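*Asks:* I have a structure I would like to understand better, so I am pasting it below and will then ask my questions one at a time.
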Amino acid sequence: MNVQFKKGVLELCVLVLLDKQDRYGYELVQKISDQIQISEGSVYPLLRRLTKEEYFTTYLQESTEGPPRKYYQLTAKGKSYLQELLEEWNQFSAGVNNLIKEGVHRE
Amino acid sequence: MSKEAFLSALEAELKGLSKAEKTELLQDYRDHFLFGNEEGKTDEEIIASLGSPQVIAKEINANYHIGIVEDKANAGNVFRATWAVIGLGFFNLVIVLAPFIALVALVFSGWITSIAFIGSPLLFAIDAAVFSGFRAFEFFASLLLCGIGLFIFAFMKWVTKVVLQGFIRYLSFNVSLVKGGLKNE
């Protein structure tokens with residue numbers, strides 16, 4: 001799949017994953033790369049940018065093993081942004097699916 | 001590549017960032033290695049899935065410099081942000097650099113014109129003193145030019161501000177374009 005396209009989708013994936021519960025960086029990376037092939041390194045700059053844009057807040061939490069985990073929490077602003085992106089995504093994917101259907105029928 | 005080599009390569013590429021920003025990001029990657037190791041992954045495996053430090057750094061730098069320009073625009077910032085965006089892809093060389101040069105040339109020529117006009121009484125004074133003596137027509141013409149120059153000066157101040165803001169918006173648009181974001185900013 002096209003690299004540029006995936007980067008846009010990555011933003012949506014991160015937001016969706018945080019909608020249900022707070023997660024830490026590594027966990028987010030693993031969740032996404034279980035499903036889609038990504039350069040895992042590009043998730044952290046994205047998290048940083050979305051935090052700066054006030055879609056997330058972060059907090060540190062000690063764990064029994066390993067380093068303290070930096071958790072990301074969706075803000076109200078983040079939630080409404082997620083809704084916006086979801087709507088765009090649904091329109092977009094529905095459009096593409098329609099085109100594919102039409103294309104397949106004609107063959 | 002070892003973990004240390006990865007981290008120092010990344011750090012080296014992040015030269016322009018503020019210290020706090022750099023520390024925070026590097027910590028993210030350091031933690032990533034620790035979490036990965038805990039799951040039994042080797043450093044080599046982790047590095048392979050992270051991607052190259054150069055590519056990661058390019059993205060970080062572009063994000064960072066655009067953030068700064070949005071906070072406070074000045075010539076140096078805009079210039080650095082332009083370069084950072086160009087770094088995102090060759091495609092941008094034409095799409096970002098060409099309008100940038102054209103705009104800079106336009107604004108620059110406006111300023112030169114206004115400064116030359118404002119300075120014209122001075123040229124008249126030199127001319128009058130050294131060469132041809134006082135001539136009323138040239139005296140008043142230079143005063144008129146000076147006045148026009150002052151108007152252009154005020155106008156250019158406004159133009160420069162507008163152009164800078166417009167260009168910043170164009171840069172942000174470009175970053176989302178290059179990244180293929182779904183949102184239309």
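A note on labels: chains of the structure tokens are A, B, ... as shown, every chain counts residues from 1, and ligands are counted from 1 in their shown order.
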Pick out the residues sitting within 12 Å of B:Glu11, and hand them over as number ranges by chain; count only C-alpha atoms, and ignore anything fewer than 2 positions along from it in its own chain.
*Replies:* B: 4-9, 13-19, 21-27, 29-30, 53-54, 56-58, 60-61
*Asks:* Check every residue of chain A for an atom within 8 Å of chain B, counting only C-alpha atoms, and provide those that qualify as a count of residues only.
*Replies:* 22
*Asks:* Using DSSP on the backbone coordinates, identify all residues within stretch 85-144 of chain B classified as alpha helix (DSSP H); present the result as number ranges by chain.
*Replies:* B: 85-86, 91-118, 120-127, 136-144
*Asks:* Quick one: distance from atom CA of B:Val85 to atom CA of A:Leu10 in Å, one decimal?
*Replies:* 20.0 Å
*Asks:* In terms of the shortest atom-to-atom distance over only C-alpha atoms, which of B:Met156, B:Ala128, B:Leu122, B:Ile66 is closest to B:Ser142?
*Replies:* B:Leu122
*Asks:* Taking only C-alpha atoms into account, which of A:Glu53, A:Thr58, A:Leu47, A:Lys101 comes nearest A:Tyr71?
*Replies:*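 The answer is A:Thr58, which sits nearest to A:Tyr71.
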*Asks:* Smallest atom-to-atom distance to A:Ser63: which of A:Leu86, A:Gln35, A:Asn97, A:Tyr24, using only C-alpha atoms?
*Replies:*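 The closest residue to A:Ser63 is A:Tyr24.
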*Asks:* Near A:Val16, counting only C-alpha atoms, which residues have an atom at most 10 Å away, once you skip same-chain residues fewer than 3 positions from it, shown as a list of chain:residue names?
*Replies:* A:Leu10, A:Glu11, A:Leu12, A:Cys13, A:Asp19, A:Lys20, A:Gln21, A:Leu74, A:Lys79, A:Leu82, A:Gln83, A:Leu85, A:Leu86
*Asks:* What would the file look like if the residues just selected were written as an mmCIF file, in the first residue's frame with all heavy atoms?
*Replies:*
```
data_model
loop_
_atom_site.group_PDB
_atom_site.id
_atom_site.type_symbol
_atom_site.label_atom_id
_atom_site.label_comp_id
_atom_site.auth_asym_id
_atom_site.auth_seq_id
_atom_site.Cartn_x
_atom_site.Cartn_y
_atom_site.Cartn_z
ATOM 1 N N LEU A 10 -2.881 6.174 9.734
ATOM 2 C CA LEU A 10 -2.246 5.946 11.034
ATOM 3 C C LEU A 10 -2.835 6.849 12.117
ATOM 4 O O LEU A 10 -3.091 6.424 13.243
ATOM 5 C CB LEU A 10 -0.750 6.220 10.885
ATOM 6 C CG LEU A 10 0.208 5.530 11.832
ATOM 7 C CD1 LEU A 10 0.009 4.039 11.802
ATOM 8 C CD2 LEU A 10 1.645 5.881 11.466
ATOM 9 N N GLU A 11 -3.061 8.103 11.745
ATOM 10 C CA GLU A 11 -3.622 9.061 12.678
ATOM 11 C C GLU A 11 -4.984 8.588 13.175
ATOM 12 O O GLU A 11 -5.276 8.628 14.365
ATOM 13 C CB GLU A 11 -3.735 10.404 11.954
ATOM 14 C CG GLU A 11 -3.960 11.583 12.852
ATOM 15 C CD GLU A 11 -3.782 12.893 12.095
ATOM 16 O OE1 GLU A 11 -2.700 13.108 11.512
ATOM 17 O OE2 GLU A 11 -4.725 13.693 12.074
ATOM 18 N N LEU A 12 -5.786 8.133 12.230
ATOM 19 C CA LEU A 12 -7.116 7.631 12.565
ATOM 20 C C LEU A 12 -7.015 6.410 13.487
ATOM 21 O O LEU A 12 -7.736 6.299 14.481
ATOM 22 C CB LEU A 12 -7.865 7.283 11.274
ATOM 23 C CG LEU A 12 -9.249 6.663 11.404
ATOM 24 C CD1 LEU A 12 -10.176 7.589 12.169
ATOM 25 C CD2 LEU A 12 -9.823 6.371 10.024
ATOM 26 N N CYS A 13 -6.077 5.496 13.178
ATOM 27 C CA CYS A 13 -5.917 4.279 13.981
ATOM 28 C C CYS A 13 -5.580 4.620 15.430
ATOM 29 O O CYS A 13 -6.157 4.061 16.369
ATOM 30 C CB CYS A 13 -4.795 3.413 13.418
ATOM 31 S SG CYS A 13 -5.167 2.764 11.791
ATOM 32 N N ASP A 19 -9.824 5.726 21.954
ATOM 33 C CA ASP A 19 -11.202 6.084 22.273
ATOM 34 C C ASP A 19 -11.746 5.185 23.386
ATOM 35 O O ASP A 19 -12.448 5.628 24.283
ATOM 36 C CB ASP A 19 -12.068 5.966 21.011
ATOM 37 C CG ASP A 19 -13.395 6.700 21.174
ATOM 38 O OD1 ASP A 19 -13.424 7.663 21.962
ATOM 39 O OD2 ASP A 19 -14.382 6.299 20.533
ATOM 40 N N LYS A 20 -11.395 3.897 23.325
ATOM 41 C CA LYS A 20 -11.895 2.943 24.314
ATOM 42 C C LYS A 20 -11.193 3.106 25.655
ATOM 43 O O LYS A 20 -11.812 3.093 26.703
ATOM 44 C CB LYS A 20 -11.684 1.510 23.807
ATOM 45 C CG LYS A 20 -12.825 1.007 22.954
ATOM 46 C CD LYS A 20 -12.623 -0.455 22.590
ATOM 47 C CE LYS A 20 -11.620 -0.606 21.456
ATOM 48 N NZ LYS A 20 -11.282 -1.992 21.148
ATOM 49 N N GLN A 21 -9.859 3.220 25.605
ATOM 50 C CA GLN A 21 -9.093 3.254 26.855
ATOM 51 C C GLN A 21 -7.757 3.970 26.643
ATOM 52 O O GLN A 21 -7.312 4.130 25.511
ATOM 53 C CB GLN A 21 -8.813 1.808 27.316
ATOM 54 C CG GLN A 21 -7.965 1.034 26.311
ATOM 55 C CD GLN A 21 -7.840 -0.427 26.680
ATOM 56 O OE1 GLN A 21 -8.683 -1.244 26.306
ATOM 57 N NE2 GLN A 21 -6.806 -0.751 27.427
ATOM 58 N N LEU A 74 -7.226 10.556 25.448
ATOM 59 C CA LEU A 74 -7.922 11.405 24.488
ATOM 60 C C LEU A 74 -8.613 12.564 25.213
ATOM 61 O O LEU A 74 -9.270 12.352 26.227
ATOM 62 C CB LEU A 74 -8.964 10.551 23.744
ATOM 63 C CG LEU A 74 -9.230 10.835 22.272
ATOM 64 C CD1 LEU A 74 -7.952 10.820 21.470
ATOM 65 C CD2 LEU A 74 -10.209 9.802 21.723
ATOM 66 N N LYS A 79 -11.602 13.794 20.884
ATOM 67 C CA LYS A 79 -12.774 12.981 20.571
ATOM 68 C C LYS A 79 -13.570 13.549 19.419
ATOM 69 O O LYS A 79 -14.026 12.806 18.544
ATOM 70 C CB LYS A 79 -13.675 12.862 21.811
ATOM 71 C CG LYS A 79 -13.094 11.879 22.785
ATOM 72 C CD LYS A 79 -14.031 11.464 23.887
ATOM 73 C CE LYS A 79 -13.250 10.478 24.737
ATOM 74 N NZ LYS A 79 -13.895 10.014 25.914
ATOM 75 N N LEU A 82 -11.701 12.887 16.288
ATOM 76 C CA LEU A 82 -11.883 11.492 15.877
ATOM 77 C C LEU A 82 -13.191 11.317 15.109
ATOM 78 O O LEU A 82 -13.232 10.650 14.073
ATOM 79 C CB LEU A 82 -11.856 10.577 17.113
ATOM 80 C CG LEU A 82 -12.291 9.132 16.896
ATOM 81 C CD1 LEU A 82 -11.385 8.420 15.916
ATOM 82 C CD2 LEU A 82 -12.313 8.379 18.226
ATOM 83 N N GLN A 83 -14.271 11.937 15.627
ATOM 84 C CA GLN A 83 -15.566 11.822 14.944
ATOM 85 C C GLN A 83 -15.480 12.374 13.525
ATOM 86 O O GLN A 83 -16.002 11.785 12.582
ATOM 87 C CB GLN A 83 -16.658 12.555 15.727
ATOM 88 C CG GLN A 83 -17.031 11.890 17.050
ATOM 89 C CD GLN A 83 -17.230 10.382 16.920
ATOM 90 O OE1 GLN A 83 -17.893 9.922 15.993
ATOM 91 N NE2 GLN A 83 -16.632 9.614 17.825
ATOM 92 N N LEU A 85 -12.769 12.656 11.643
ATOM 93 C CA LEU A 85 -11.964 11.764 10.796
ATOM 94 C C LEU A 85 -12.739 10.512 10.410
ATOM 95 O O LEU A 85 -12.663 10.038 9.281
ATOM 96 C CB LEU A 85 -10.686 11.355 11.521
ATOM 97 C CG LEU A 85 -9.530 12.327 11.537
ATOM 98 C CD1 LEU A 85 -8.292 11.658 12.111
ATOM 99 C CD2 LEU A 85 -9.224 12.854 10.147
ATOM 100 N N LEU A 86 -13.491 9.986 11.390
ATOM 101 C CA LEU A 86 -14.267 8.776 11.123
ATOM 102 C C LEU A 86 -15.267 9.006 10.004
ATOM 103 O O LEU A 86 -15.420 8.171 9.111
ATOM 104 C CB LEU A 86 -15.010 8.339 12.389
ATOM 105 C CG LEU A 86 -14.281 7.367 13.314
ATOM 106 C CD1 LEU A 86 -15.151 7.040 14.512
ATOM 107 C CD2 LEU A 86 -13.908 6.098 12.556
#
```
*Asks:* DSSP on the backbone: what in chain A comes out strand (DSSP E or B), as an mmCIF file with N, CA, C and O atoms, in the first residue's frame?
*Replies:*
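result-v1.cif written:
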```
data_model
loop_
_atom_site.group_PDB
_atom_site.id
_atom_site.type_symbol
_atom_site.label_atom_id
_atom_site.label_comp_id
_atom_site.auth_asym_id
_atom_site.auth_seq_id
_atom_site.Cartn_x
_atom_site.Cartn_y
_atom_site.Cartn_z
ATOM 1 N N ARG A 23 -3.825 4.215 26.548
ATOM 2 C CA ARG A 23 -2.798 3.233 26.232
ATOM 3 C C ARG A 23 -1.441 3.907 26.242
ATOM 4 O O ARG A 23 -1.333 5.117 26.071
ATOM 5 N N TYR A 24 -0.369 3.099 26.419
ATOM 6 C CA TYR A 24 0.975 3.671 26.344
ATOM 7 C C TYR A 24 1.557 3.443 24.954
ATOM 8 O O TYR A 24 1.045 2.625 24.173
ATOM 9 N N PHE A 56 -4.440 14.852 22.749
ATOM 10 C CA PHE A 56 -4.156 13.940 23.859
ATOM 11 C C PHE A 56 -3.566 14.708 25.032
ATOM 12 O O PHE A 56 -2.980 15.761 24.848
ATOM 13 N N THR A 57 -3.695 14.115 26.216
ATOM 14 C CA THR A 57 -2.816 14.484 27.321
ATOM 15 C C THR A 57 -2.037 13.223 27.674
ATOM 16 O O THR A 57 -2.446 12.121 27.322
ATOM 17 N N THR A 58 -0.914 13.378 28.366
ATOM 18 C CA THR A 58 -0.130 12.206 28.732
ATOM 19 C C THR A 58 0.076 12.170 30.239
ATOM 20 O O THR A 58 0.042 13.201 30.902
ATOM 21 N N TYR A 59 0.246 10.964 30.773
ATOM 22 C CA TYR A 59 0.650 10.820 32.172
ATOM 23 C C TYR A 59 1.535 9.590 32.303
ATOM 24 O O TYR A 59 1.440 8.650 31.506
ATOM 25 N N LEU A 60 2.419 9.631 33.298
ATOM 26 C CA LEU A 60 3.335 8.509 33.511
ATOM 27 C C LEU A 60 2.757 7.577 34.567
ATOM 28 O O LEU A 60 2.165 8.026 35.539
ATOM 29 N N GLN A 61 2.953 6.281 34.360
ATOM 30 C CA GLN A 61 2.492 5.326 35.361
ATOM 31 C C GLN A 61 3.537 4.233 35.532
ATOM 32 O O GLN A 61 3.976 3.638 34.550
ATOM 33 N N ARG A 69 5.449 3.754 32.190
ATOM 34 C CA ARG A 69 4.777 3.846 30.897
ATOM 35 C C ARG A 69 4.129 5.218 30.720
ATOM 36 O O ARG A 69 3.459 5.703 31.626
ATOM 37 N N LYS A 70 4.348 5.797 29.538
ATOM 38 C CA LYS A 70 3.710 7.084 29.242
ATOM 39 C C LYS A 70 2.383 6.799 28.565
ATOM 40 O O LYS A 70 2.330 6.342 27.431
ATOM 41 N N TYR A 71 1.308 7.048 29.306
ATOM 42 C CA TYR A 71 -0.035 6.792 28.778
ATOM 43 C C TYR A 71 -0.581 8.005 28.042
ATOM 44 O O TYR A 71 -0.327 9.140 28.427
ATOM 45 N N TYR A 72 -1.324 7.733 26.993
ATOM 46 C CA TYR A 72 -1.984 8.796 26.229
ATOM 47 C C TYR A 72 -3.478 8.718 26.484
ATOM 48 O O TYR A 72 -4.056 7.639 26.483
ATOM 49 N N GLN A 73 -4.051 9.895 26.731
ATOM 50 C CA GLN A 73 -5.491 9.964 27.006
ATOM 51 C C GLN A 73 -6.125 10.954 26.038
ATOM 52 O O GLN A 73 -5.614 12.061 25.851
ATOM 53 N N LEU A 74 -7.226 10.556 25.448
ATOM 54 C CA LEU A 74 -7.922 11.405 24.488
ATOM 55 C C LEU A 74 -8.613 12.564 25.213
ATOM 56 O O LEU A 74 -9.270 12.352 26.227
#
```
*Asks:* Could you jot down the atom CA of B:Glu44 to atom CA of A:Leu28 separation for me, Å, one decimal place?
*Replies:*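 Computed distance, atom CA of B:Glu44 to atom CA of A:Leu28, equals 20.4 Å.
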